[in-house]
file work14.cif (mmCIF, C-alpha atoms)
data_upload
loop_
_atom_site.label_atom_id
_atom_site.label_comp_id
_atom_site.auth_asym_id
_atom_site.auth_seq_id
_atom_site.Cartn_x
_atom_site.Cartn_y
_atom_site.Cartn_z
CA MET A 1 0.00 0.00 0.00
CA ASN A 2 1.47 3.35 -1.09
CA TYR A 3 0.93 6.49 0.92
CA GLY A 4 -1.67 8.53 -0.94
CA GLY A 5 -2.45 5.64 -3.27
CA ILE A 6 -0.12 7.28 -5.75
CA GLU A 7 0.98 5.85 -9.07
CA ALA A 8 4.11 3.71 -9.26
CA GLU A 9 5.94 6.46 -11.15
CA TYR A 10 5.87 8.68 -8.05
CA ALA A 11 6.19 5.88 -5.49
CA ALA A 12 9.51 4.45 -6.71
CA TYR A 13 12.24 4.53 -4.08
CA GLU A 14 14.96 5.83 -6.39
CA GLN A 15 13.07 9.01 -7.28
CA ALA A 16 11.36 9.61 -3.93
CA LYS A 17 12.10 12.65 -1.77
CA PHE A 18 10.17 11.10 1.14
CA VAL A 19 10.23 7.56 2.49
CA VAL A 20 7.28 6.56 4.68
CA ILE A 21 8.15 4.04 7.40
CA PRO A 22 5.11 2.39 9.04
CA VAL A 23 5.90 1.08 12.54
CA PRO A 24 2.87 -0.78 13.96
CA TYR A 25 4.15 -1.15 17.52
CA ASP A 26 2.55 -0.44 20.92
CA LEU A 27 4.15 -2.85 23.39
CA THR A 28 4.67 -0.24 26.14
CA SER A 29 1.24 1.43 25.84
CA THR A 30 -0.13 1.99 29.34
CA TYR A 31 -3.73 3.22 29.09
CA GLN A 32 -5.41 2.23 25.86
CA SER A 33 -3.49 0.17 23.35
CA GLY A 34 -4.26 0.20 19.65
CA SER A 35 -1.65 2.52 18.17
CA ARG A 36 -0.21 -0.52 16.39
CA ARG A 37 -3.18 -0.09 14.04
CA GLY A 38 -2.34 3.56 13.45
CA PRO A 39 -0.01 3.21 10.45
CA GLY A 40 -2.49 1.07 8.53
CA ALA A 41 -5.33 3.49 9.26
CA ILE A 42 -3.24 6.44 8.11
CA LEU A 43 -2.32 4.70 4.87
CA ASP A 44 -5.95 3.77 4.24
CA ALA A 45 -7.08 7.34 4.83
CA SER A 46 -4.31 8.79 2.69
CA ALA A 47 -5.60 6.91 -0.32
CA ASN A 48 -8.80 8.99 -0.02
CA MET A 49 -7.19 12.43 0.12
CA GLU A 50 -7.20 14.92 -2.68
CA LEU A 51 -3.56 15.07 -3.72
CA TYR A 52 -3.78 18.72 -4.73
CA ASP A 53 -2.91 20.76 -1.63
CA GLU A 54 -5.28 23.72 -1.50
CA GLU A 55 -3.05 25.74 0.86
CA LEU A 56 0.18 25.20 -1.04
CA HIS A 57 -1.32 25.12 -4.55
CA GLN A 58 0.69 22.07 -5.54
CA GLU A 59 0.59 18.30 -5.89
CA THR A 60 3.20 17.37 -3.30
CA PHE A 61 3.27 13.71 -4.32
CA ARG A 62 5.12 14.67 -7.52
CA SER A 63 8.26 15.05 -5.38
CA GLY A 64 8.06 11.29 -4.83
CA ILE A 65 6.75 9.36 -1.82
CA HIS A 66 7.89 5.79 -1.33
CA THR A 67 6.26 3.59 1.32
CA LEU A 68 8.28 0.82 2.92
CA PRO A 69 6.64 -2.39 4.17
CA PRO A 70 5.59 -2.12 7.84
CA LEU A 71 8.50 -2.65 10.20
CA GLU A 72 7.94 -5.96 11.95
CA ALA A 73 7.35 -5.66 15.69
CA ASP A 74 10.10 -7.08 17.90
CA ALA A 75 8.51 -8.84 20.87
CA ARG A 76 11.78 -8.95 22.82
CA GLY A 77 11.15 -5.42 24.06
CA PRO A 78 11.28 -1.71 23.21
CA ALA A 79 15.09 -1.49 23.17
CA GLU A 80 15.23 -3.97 20.29
CA MET A 81 12.40 -2.19 18.48
CA ILE A 82 14.14 1.15 18.83
CA SER A 83 17.30 -0.40 17.36
CA ALA A 84 15.33 -1.70 14.37
CA VAL A 85 13.87 1.76 13.80
CA ARG A 86 17.34 3.33 14.05
CA ARG A 87 18.76 1.00 11.41
CA THR A 88 15.87 1.58 9.03
CA VAL A 89 15.90 5.36 9.37
CA ALA A 90 19.69 5.43 9.02
CA GLY A 91 19.40 3.66 5.68
CA VAL A 92 16.85 6.18 4.43
CA ILE A 93 19.02 9.11 5.55
CA ALA A 94 22.10 7.58 3.92
CA ASP A 95 20.22 7.53 0.62
CA GLY A 96 19.57 11.26 0.87
CA LYS A 97 15.86 10.98 1.56
CA ILE A 98 13.58 12.38 4.25
CA PRO A 99 12.24 9.73 6.65
CA VAL A 100 8.55 10.00 7.57
CA MET A 101 7.67 7.55 10.33
CA LEU A 102 4.11 6.49 11.12
CA GLY A 103 3.44 5.21 14.65
CA GLY A 104 2.75 3.27 16.62
CA GLU A 105 3.57 4.44 20.12
CA HIS A 106 5.94 7.27 20.90
CA SER A 107 8.84 5.12 22.13
CA ILE A 108 9.87 4.45 18.53
CA SER A 109 10.80 8.12 17.99
CA PHE A 110 14.03 7.67 19.95
CA GLY A 111 15.41 5.29 17.34
CA ALA A 112 14.63 7.77 14.57
CA VAL A 113 16.24 10.63 16.47
CA GLN A 114 19.39 8.55 17.06
CA ALA A 115 19.73 7.91 13.33
CA VAL A 116 19.04 11.48 12.23
CA ARG A 117 21.37 12.95 14.86
CA LYS A 118 24.22 10.73 13.67
CA ALA A 119 23.84 12.26 10.21
CA PHE A 120 23.21 15.80 11.50
CA PRO A 121 25.14 16.22 14.79
CA GLU A 122 23.73 19.70 15.55
CA LEU A 123 20.18 18.34 15.57
CA THR A 124 17.43 19.78 17.78
CA VAL A 125 14.18 17.90 18.37
CA LEU A 126 10.80 19.62 18.43
CA GLN A 127 8.25 17.52 20.32
CA LEU A 128 4.55 18.42 19.93
CA ASP A 129 2.75 16.48 22.63
CA ALA A 130 0.25 16.60 25.49
CA HIS A 131 2.65 14.72 27.76
CA ALA A 132 6.17 15.61 28.87
CA ASP A 133 7.40 11.98 28.47
CA LEU A 134 10.37 12.84 30.69
CA ARG A 135 10.34 10.00 33.20
CA GLU A 136 13.62 8.25 33.84
CA ALA A 137 11.79 4.95 33.35
CA TYR A 138 8.24 3.65 33.46
CA GLN A 139 6.96 0.17 34.30
CA GLY A 140 10.49 -1.12 34.49
CA THR A 141 11.89 0.15 31.20
CA PRO A 142 13.78 3.34 30.31
CA PHE A 143 12.50 2.92 26.74
CA SER A 144 8.79 3.35 27.52
CA HIS A 145 6.69 5.83 25.56
CA ALA A 146 6.54 7.77 28.85
CA ALA A 147 10.34 8.17 28.86
CA VAL A 148 11.02 8.92 25.19
CA ALA A 149 11.66 12.65 25.66
CA ARG A 150 14.06 11.94 28.54
CA ARG A 151 16.11 9.68 26.27
CA ILE A 152 16.05 12.30 23.50
CA ALA A 153 17.13 15.07 25.89
CA GLU A 154 20.16 12.98 26.82
CA ILE A 155 21.56 13.14 23.28
CA CYS A 156 20.42 16.47 21.81
CA PRO A 157 18.56 19.72 22.59
CA LEU A 158 14.81 19.31 23.04
CA VAL A 159 11.96 21.80 22.69
CA GLN A 160 8.43 20.78 23.68
CA ALA A 161 5.10 22.46 22.95
CA GLY A 162 1.49 21.66 23.84
CA ILE A 163 2.37 20.01 27.17
CA ARG A 164 -0.46 19.66 29.69
CA SER A 165 0.32 16.52 31.67
CA MET A 166 3.36 15.46 33.71
CA SER A 167 4.40 13.77 36.95
CA VAL A 168 6.20 15.37 39.91
CA GLU A 169 9.37 13.61 38.75
CA GLU A 170 9.07 15.21 35.32
CA ALA A 171 8.34 18.67 36.73
CA GLU A 172 11.44 18.45 38.92
CA PHE A 173 13.54 17.30 35.96
CA LEU A 174 12.30 20.19 33.82
CA ALA A 175 13.11 22.74 36.51
CA ALA A 176 16.75 21.64 36.51
CA SER A 177 17.24 20.84 32.82
CA PRO A 178 17.87 22.89 29.66
CA VAL A 179 14.75 21.45 27.99
CA LYS A 180 12.41 24.19 26.75
CA SER A 181 8.82 23.18 27.49
CA TYR A 182 5.82 25.27 26.46
CA PRO A 183 2.43 24.35 27.97
CA ALA A 184 -0.69 24.16 25.87
CA ASP A 185 -2.07 27.25 27.61
CA PHE A 186 0.85 29.26 26.25
CA VAL A 187 -0.27 28.38 22.72
CA LEU A 188 -3.96 28.82 23.42
CA ASP A 189 -3.44 32.31 24.88
CA GLY A 190 -2.45 33.57 21.44
CA GLY A 191 0.02 36.41 21.01
CA LEU A 192 3.65 35.69 20.22
CA TRP A 193 3.69 31.94 21.01
CA CYS A 194 4.74 30.82 17.54
CA GLY A 195 7.68 33.20 17.38
CA ALA A 196 8.78 32.30 20.92
CA ILE A 197 8.88 28.58 20.17
CA CYS A 198 10.61 29.08 16.83
CA GLY A 199 13.12 31.33 18.58
CA ASP A 200 14.46 28.25 20.38
CA LEU A 201 15.02 26.43 17.09
CA GLN A 202 17.63 26.76 14.39
CA GLY A 203 19.45 24.64 11.85
CA ASP A 204 18.61 20.95 11.66
CA ILE A 205 15.36 19.78 13.24
CA TYR A 206 13.66 16.46 13.84
CA LEU A 207 9.93 16.90 14.37
CA THR A 208 7.94 14.41 16.43
CA VAL A 209 4.17 14.86 16.60
CA ASP A 210 2.21 12.91 19.19
CA LEU A 211 -1.36 13.39 18.00
CA ASP A 212 -2.62 13.87 21.55
CA VAL A 213 -1.13 17.38 21.32
CA LEU A 214 -4.42 18.20 19.59
CA ASP A 215 -7.66 18.91 21.41
CA PRO A 216 -9.42 15.55 21.92
CA ALA A 217 -12.55 17.14 20.48
CA ILE A 218 -10.86 16.84 17.08
CA MET A 219 -8.43 14.01 17.90
CA PRO A 220 -10.15 11.51 20.22
CA ALA A 221 -8.29 8.52 18.73
CA THR A 222 -5.26 8.42 21.01
CA GLY A 223 -4.22 6.07 23.79
CA THR A 224 -3.89 8.82 26.41
CA PRO A 225 -6.18 11.78 25.54
CA GLU A 226 -5.85 14.95 27.62
CA PRO A 227 -8.39 17.80 27.96
CA GLY A 228 -7.48 21.00 26.21
CA GLY A 229 -4.93 20.95 23.46
CA VAL A 230 -4.19 22.87 20.33
CA SER A 231 -6.27 23.26 17.21
CA TRP A 232 -5.51 22.07 13.69
CA ARG A 233 -4.80 25.66 12.61
CA ASP A 234 -2.44 26.32 15.52
CA LEU A 235 -0.54 23.10 14.84
CA ILE A 236 -0.21 23.82 11.13
CA ARG A 237 0.84 27.40 11.75
CA LEU A 238 3.68 26.36 14.03
CA ILE A 239 4.97 23.63 11.74
CA ARG A 240 4.81 25.96 8.75
CA GLU A 241 6.96 28.53 10.57
CA VAL A 242 9.46 25.90 11.70
CA ALA A 243 9.78 24.63 8.12
CA LYS A 244 10.46 28.19 6.91
CA ARG A 245 13.11 28.92 9.52
CA CYS A 246 14.83 25.56 9.91
CA ARG A 247 15.76 22.40 8.01
CA ILE A 248 13.44 19.58 9.05
CA ARG A 249 15.52 16.46 8.37
CA GLY A 250 12.81 13.96 9.28
CA PHE A 251 9.56 13.69 11.16
CA ASP A 252 7.08 11.30 12.67
CA VAL A 253 3.39 11.26 13.55
CA VAL A 254 2.62 8.82 16.34
CA GLU A 255 0.01 7.56 18.81
CA LEU A 256 -3.01 7.31 16.52
CA ALA A 257 -5.21 4.61 18.06
CA PRO A 258 -8.00 4.23 15.50
CA ILE A 259 -11.61 4.10 16.68
CA PRO A 260 -13.69 1.67 14.61
CA GLY A 261 -16.23 3.50 12.50
CA MET A 262 -14.66 6.93 13.11
CA VAL A 263 -12.38 7.85 10.24
CA ALA A 264 -12.01 11.60 10.80
CA PRO A 265 -8.96 11.25 13.12
CA ASP A 266 -7.28 8.89 10.64
CA PHE A 267 -7.88 11.36 7.84
CA LEU A 268 -6.56 14.25 9.94
CA ALA A 269 -3.33 12.34 10.58
CA ALA A 270 -2.93 11.50 6.89
CA LYS A 271 -3.51 15.09 5.80
CA LEU A 272 -1.16 16.45 8.47
CA ILE A 273 1.62 14.25 7.12
CA TYR A 274 0.93 15.36 3.55
CA ARG A 275 0.89 19.03 4.57
CA ILE A 276 4.24 18.70 6.35
CA MET A 277 5.69 17.05 3.24
CA GLY A 278 4.39 20.01 1.29
CA TYR A 279 6.17 22.48 3.54
CA LEU A 280 9.39 20.51 3.10
CA THR A 281 9.19 20.75 -0.69
CA GLY A 282 9.25 24.52 -0.41
CA GLY A 283 5.52 25.15 -0.58
CA SER A 284 4.21 28.05 1.48
#

call {"tool": "encode", "arguments": {"input": "work14.cif", "output": "structure tokens"}}
result
Amino acid sequence: MNYGGIEAEYAAYEQAKFVVIPVPYDLTSTYQSGSRRGPGAILDASANMELYDEELHQETFRSGIHTLPPLEADARGPAEMISAVRRTVAGVIADGKIPVMLGGEHSISFGAVQAVRKAFPELTVLQLDAHADLREAYQGTPFSHAAVARRIAEICPLVQAGIRSMSVEEAEFLAASPVKSYPADFVLDGGLWCGAICGDLQGDIYLTVDLDVLDPAIMPATGTPEPGGVSWRDLIRLIREVAKRCRIRGFDVVELAPIPGMVAPDFLAAKLIYRIMGYLTGGS
């Protein structure tokens, strides 16, 4: 299944600017599982999108979008799964292409960040998320989805936005760390939020989008929904500005847990991915 249901001419690996990596994995999910079905739902929805982008006035797929087979889940544990993701993303980067990972739970993002940072040592990660994900470990593993940002912060600068849930441990870590963390209320209050967040970013960026950053009124299909959250327009506005100011070297969209019979969240995720691709082709 090709992302967007595009013709073989534009889906060939050799000519593709983007390589979609489906990772149907949710072994460390702790509230509601189901994000392992997220990549398939996104691909299904993408085949029903209009491929002309009405904001960017272009057909982004003409830059080439290749879709890899789903990465097989490794039942030995999240450390092994993260290693598999790292190897796959490293291969895509080595071929000069932009990796686009579909989750799956958020733990997998660490493997992608490891690979991209090796290629771009000055990398900064922008995490759009409802949860800080800064625990040292959770349920016995340091590679839980609840610890992914902590692992990322250990290897490169991290900027978070949309945060509205954390533990005491995470709050104490933030107070003593260089991590920049912007709560959802900062975004929702309007004003200069977009410029402030972008002011902490420069150069090479890896973007990780946990879909629960969005208001659950428009994105109910997540494993750990949180009240509040940003709107579609706010999310798009921020990513558009980041793409203008920085070089996004790869990105992921994770934590879609599809709800049977409700396709709107799946479609939102698919269109978000396509819009980000559009920004990375120079559309504005």

call {"tool": "residues_around", "arguments": {"input": "work14.cif", "residues": "Ala149 of chain A", "least_positions_apart": "6", "cutoff": "9 Å", "atoms": "only C-alpha atoms", "output": "PDB file with C-alpha atoms, keeping the file's coordinate frame"}}
result
ATOM      1  CA  SER A 107       8.840   5.120  22.130  1.00  0.00           C
ATOM      2  CA  SER A 109      10.800   8.120  17.990  1.00  0.00           C
ATOM      3  CA  PHE A 110      14.030   7.670  19.950  1.00  0.00           C
ATOM      4  CA  GLN A 127       8.250  17.520  20.320  1.00  0.00           C
ATOM      5  CA  ALA A 132       6.170  15.610  28.870  1.00  0.00           C
ATOM      6  CA  ASP A 133       7.400  11.980  28.470  1.00  0.00           C
ATOM      7  CA  LEU A 134      10.370  12.840  30.690  1.00  0.00           C
ATOM      8  CA  ARG A 135      10.340  10.000  33.200  1.00  0.00           C
ATOM      9  CA  LEU A 158      14.810  19.310  23.040  1.00  0.00           C
ATOM     10  CA  GLN A 160       8.430  20.780  23.680  1.00  0.00           C
TER      11      GLN A 160
END

call {"tool": "residues_around", "arguments": {"input": "work14.cif", "residues": "Gly282 of chain A", "least_positions_apart": "5", "cutoff": "10 Å", "atoms": "all atoms listed in the file", "output": "list in words"}}
result
Leu56, Thr60, Ala243, Lys244 and Met277 of chain A

call {"tool": "closest_residue", "arguments": {"input": "work14.cif", "among": "A:Pro70, A:Asp266, A:Ala79, A:Met101", "to": "Pro142 of chain A", "atoms": "only C-alpha atoms"}}
result
A:Ala79

call {"tool": "residues_around", "arguments": {"input": "work14.cif", "residues": "Ala112 of chain A", "least_positions_apart": "2", "cutoff": "8 Å", "atoms": "all atoms listed in the file", "output": "list in words"}}
result
Ile82, Val85, Arg86, Val89, Ala90, Ile108, Ser109, Phe110, Gln114, Ala115 and Val116 of chain A

call {"tool": "residues_around", "arguments": {"input": "work14.cif", "residues": "Ala11 of chain A", "least_positions_apart": "5", "cutoff": "12 Å", "atoms": "only C-alpha atoms", "output": "list in words"}}
result
Met1, Asn2, Tyr3, Gly4, Gly5, Ile6, Ala16, Lys17, Phe18, Val19, Val20, Phe61, Arg62, Ser63, Gly64, Ile65, His66, Thr67 and Leu68 of chain A

call {"tool": "closest_residue", "arguments": {"input": "work14.cif", "among": "A:Asp189, A:Asp252, A:Asp129, A:Glu154", "to": "Pro225 of chain A", "atoms": "only C-alpha atoms"}}
result
A:Asp129

call {"tool": "resolve_selection", "arguments": {"input": "work14.cif", "expression": "the PyMOL selection byres ((chain A and resi 99) around 6)", "output": "PyMOL selection string"}}
result
chain A and resi 19+98+100+250

call {"tool": "residues_around", "arguments": {"input": "work14.cif", "residues": "Glu72 of chain A", "least_positions_apart": "5", "cutoff": "12 Å", "atoms": "all atoms listed in the file", "output": "ChimeraX atom specification"}}
result
/A:21-26,36,80-82,84-85,88,104

call {"tool": "closest_residue", "arguments": {"input": "work14.cif", "among": "A:Leu174, A:Leu256, A:Leu51, A:Ala146", "to": "Glu7 of chain A", "atoms": "all atoms listed in the file"}}
result
A:Leu51

call {"tool": "resolve_selection", "arguments": {"input": "work14.cif", "expression": "the PyMOL selection byres ((chain A and resi 144) around 9)", "output": "ChimeraX atom specification"}}
result
/A:27-29,78,106-107,133,135,137-143,145-148

call {"tool": "build_atoms", "arguments": {"input": "work14.cif", "residues": "segment 23-40 of chain A", "atoms": "N, CA and C atoms", "output": "PDB file, in the frame of the given file"}}
result
ATOM      1  N   VAL A  23       5.395   1.854  11.399  1.00  0.00           N
ATOM      2  CA  VAL A  23       5.900   1.080  12.540  1.00  0.00           C
ATOM      3  C   VAL A  23       4.724   0.723  13.451  1.00  0.00           C
ATOM      4  N   PRO A  24       4.059  -0.395  13.192  1.00  0.00           N
ATOM      5  CA  PRO A  24       2.870  -0.780  13.960  1.00  0.00           C
ATOM      6  C   PRO A  24       3.245  -1.454  15.283  1.00  0.00           C
ATOM      7  N   TYR A  25       3.591  -0.633  16.267  1.00  0.00           N
ATOM      8  CA  TYR A  25       4.150  -1.150  17.520  1.00  0.00           C
ATOM      9  C   TYR A  25       3.559  -0.386  18.703  1.00  0.00           C
ATOM     10  N   ASP A  26       3.075  -1.111  19.718  1.00  0.00           N
ATOM     11  CA  ASP A  26       2.550  -0.440  20.920  1.00  0.00           C
ATOM     12  C   ASP A  26       2.756  -1.281  22.183  1.00  0.00           C
ATOM     13  N   LEU A  27       3.900  -1.930  22.280  1.00  0.00           N
ATOM     14  CA  LEU A  27       4.150  -2.850  23.390  1.00  0.00           C
ATOM     15  C   LEU A  27       4.144  -2.160  24.745  1.00  0.00           C
ATOM     16  N   THR A  28       4.610  -0.898  24.832  1.00  0.00           N
ATOM     17  CA  THR A  28       4.670  -0.240  26.140  1.00  0.00           C
ATOM     18  C   THR A  28       3.474   0.654  26.417  1.00  0.00           C
ATOM     19  N   SER A  29       2.436   0.616  25.583  1.00  0.00           N
ATOM     20  CA  SER A  29       1.240   1.430  25.840  1.00  0.00           C
ATOM     21  C   SER A  29       0.686   1.115  27.218  1.00  0.00           C
ATOM     22  N   THR A  30       0.225   2.175  27.933  1.00  0.00           N
ATOM     23  CA  THR A  30      -0.130   1.990  29.340  1.00  0.00           C
ATOM     24  C   THR A  30      -1.568   2.326  29.686  1.00  0.00           C
ATOM     25  N   TYR A  31      -2.314   2.938  28.817  1.00  0.00           N
ATOM     26  CA  TYR A  31      -3.730   3.220  29.090  1.00  0.00           C
ATOM     27  C   TYR A  31      -4.571   2.438  28.104  1.00  0.00           C
ATOM     28  N   GLN A  32      -4.699   2.963  26.907  1.00  0.00           N
ATOM     29  CA  GLN A  32      -5.410   2.230  25.860  1.00  0.00           C
ATOM     30  C   GLN A  32      -4.416   1.855  24.767  1.00  0.00           C
ATOM     31  N   SER A  33      -4.331   0.590  24.467  1.00  0.00           N
ATOM     32  CA  SER A  33      -3.490   0.170  23.350  1.00  0.00           C
ATOM     33  C   SER A  33      -4.260   0.364  22.051  1.00  0.00           C
ATOM     34  N   GLY A  34      -3.611   0.071  20.952  1.00  0.00           N
ATOM     35  CA  GLY A  34      -4.260   0.200  19.650  1.00  0.00           C
ATOM     36  C   GLY A  34      -3.487   1.030  18.655  1.00  0.00           C
ATOM     37  N   SER A  35      -2.409   1.710  19.116  1.00  0.00           N
ATOM     38  CA  SER A  35      -1.650   2.520  18.170  1.00  0.00           C
ATOM     39  C   SER A  35      -0.910   1.665  17.147  1.00  0.00           C
ATOM     40  N   ARG A  36      -0.806   0.358  17.415  1.00  0.00           N
ATOM     41  CA  ARG A  36      -0.210  -0.520  16.390  1.00  0.00           C
ATOM     42  C   ARG A  36      -1.054  -0.528  15.115  1.00  0.00           C
ATOM     43  N   ARG A  37      -2.316  -0.169  15.234  1.00  0.00           N
ATOM     44  CA  ARG A  37      -3.180  -0.090  14.040  1.00  0.00           C
ATOM     45  C   ARG A  37      -3.126   1.282  13.380  1.00  0.00           C
ATOM     46  N   GLY A  38      -2.400   2.203  13.986  1.00  0.00           N
ATOM     47  CA  GLY A  38      -2.340   3.560  13.450  1.00  0.00           C
ATOM     48  C   GLY A  38      -1.752   3.668  12.054  1.00  0.00           C
ATOM     49  N   PRO A  39      -0.587   3.065  11.787  1.00  0.00           N
ATOM     50  CA  PRO A  39      -0.010   3.210  10.450  1.00  0.00           C
ATOM     51  C   PRO A  39      -0.936   2.722   9.336  1.00  0.00           C
ATOM     52  N   GLY A  40      -1.577   1.575   9.551  1.00  0.00           N
ATOM     53  CA  GLY A  40      -2.490   1.070   8.530  1.00  0.00           C
ATOM     54  C   GLY A  40      -3.661   1.998   8.303  1.00  0.00           C
TER      55      GLY A  40
END
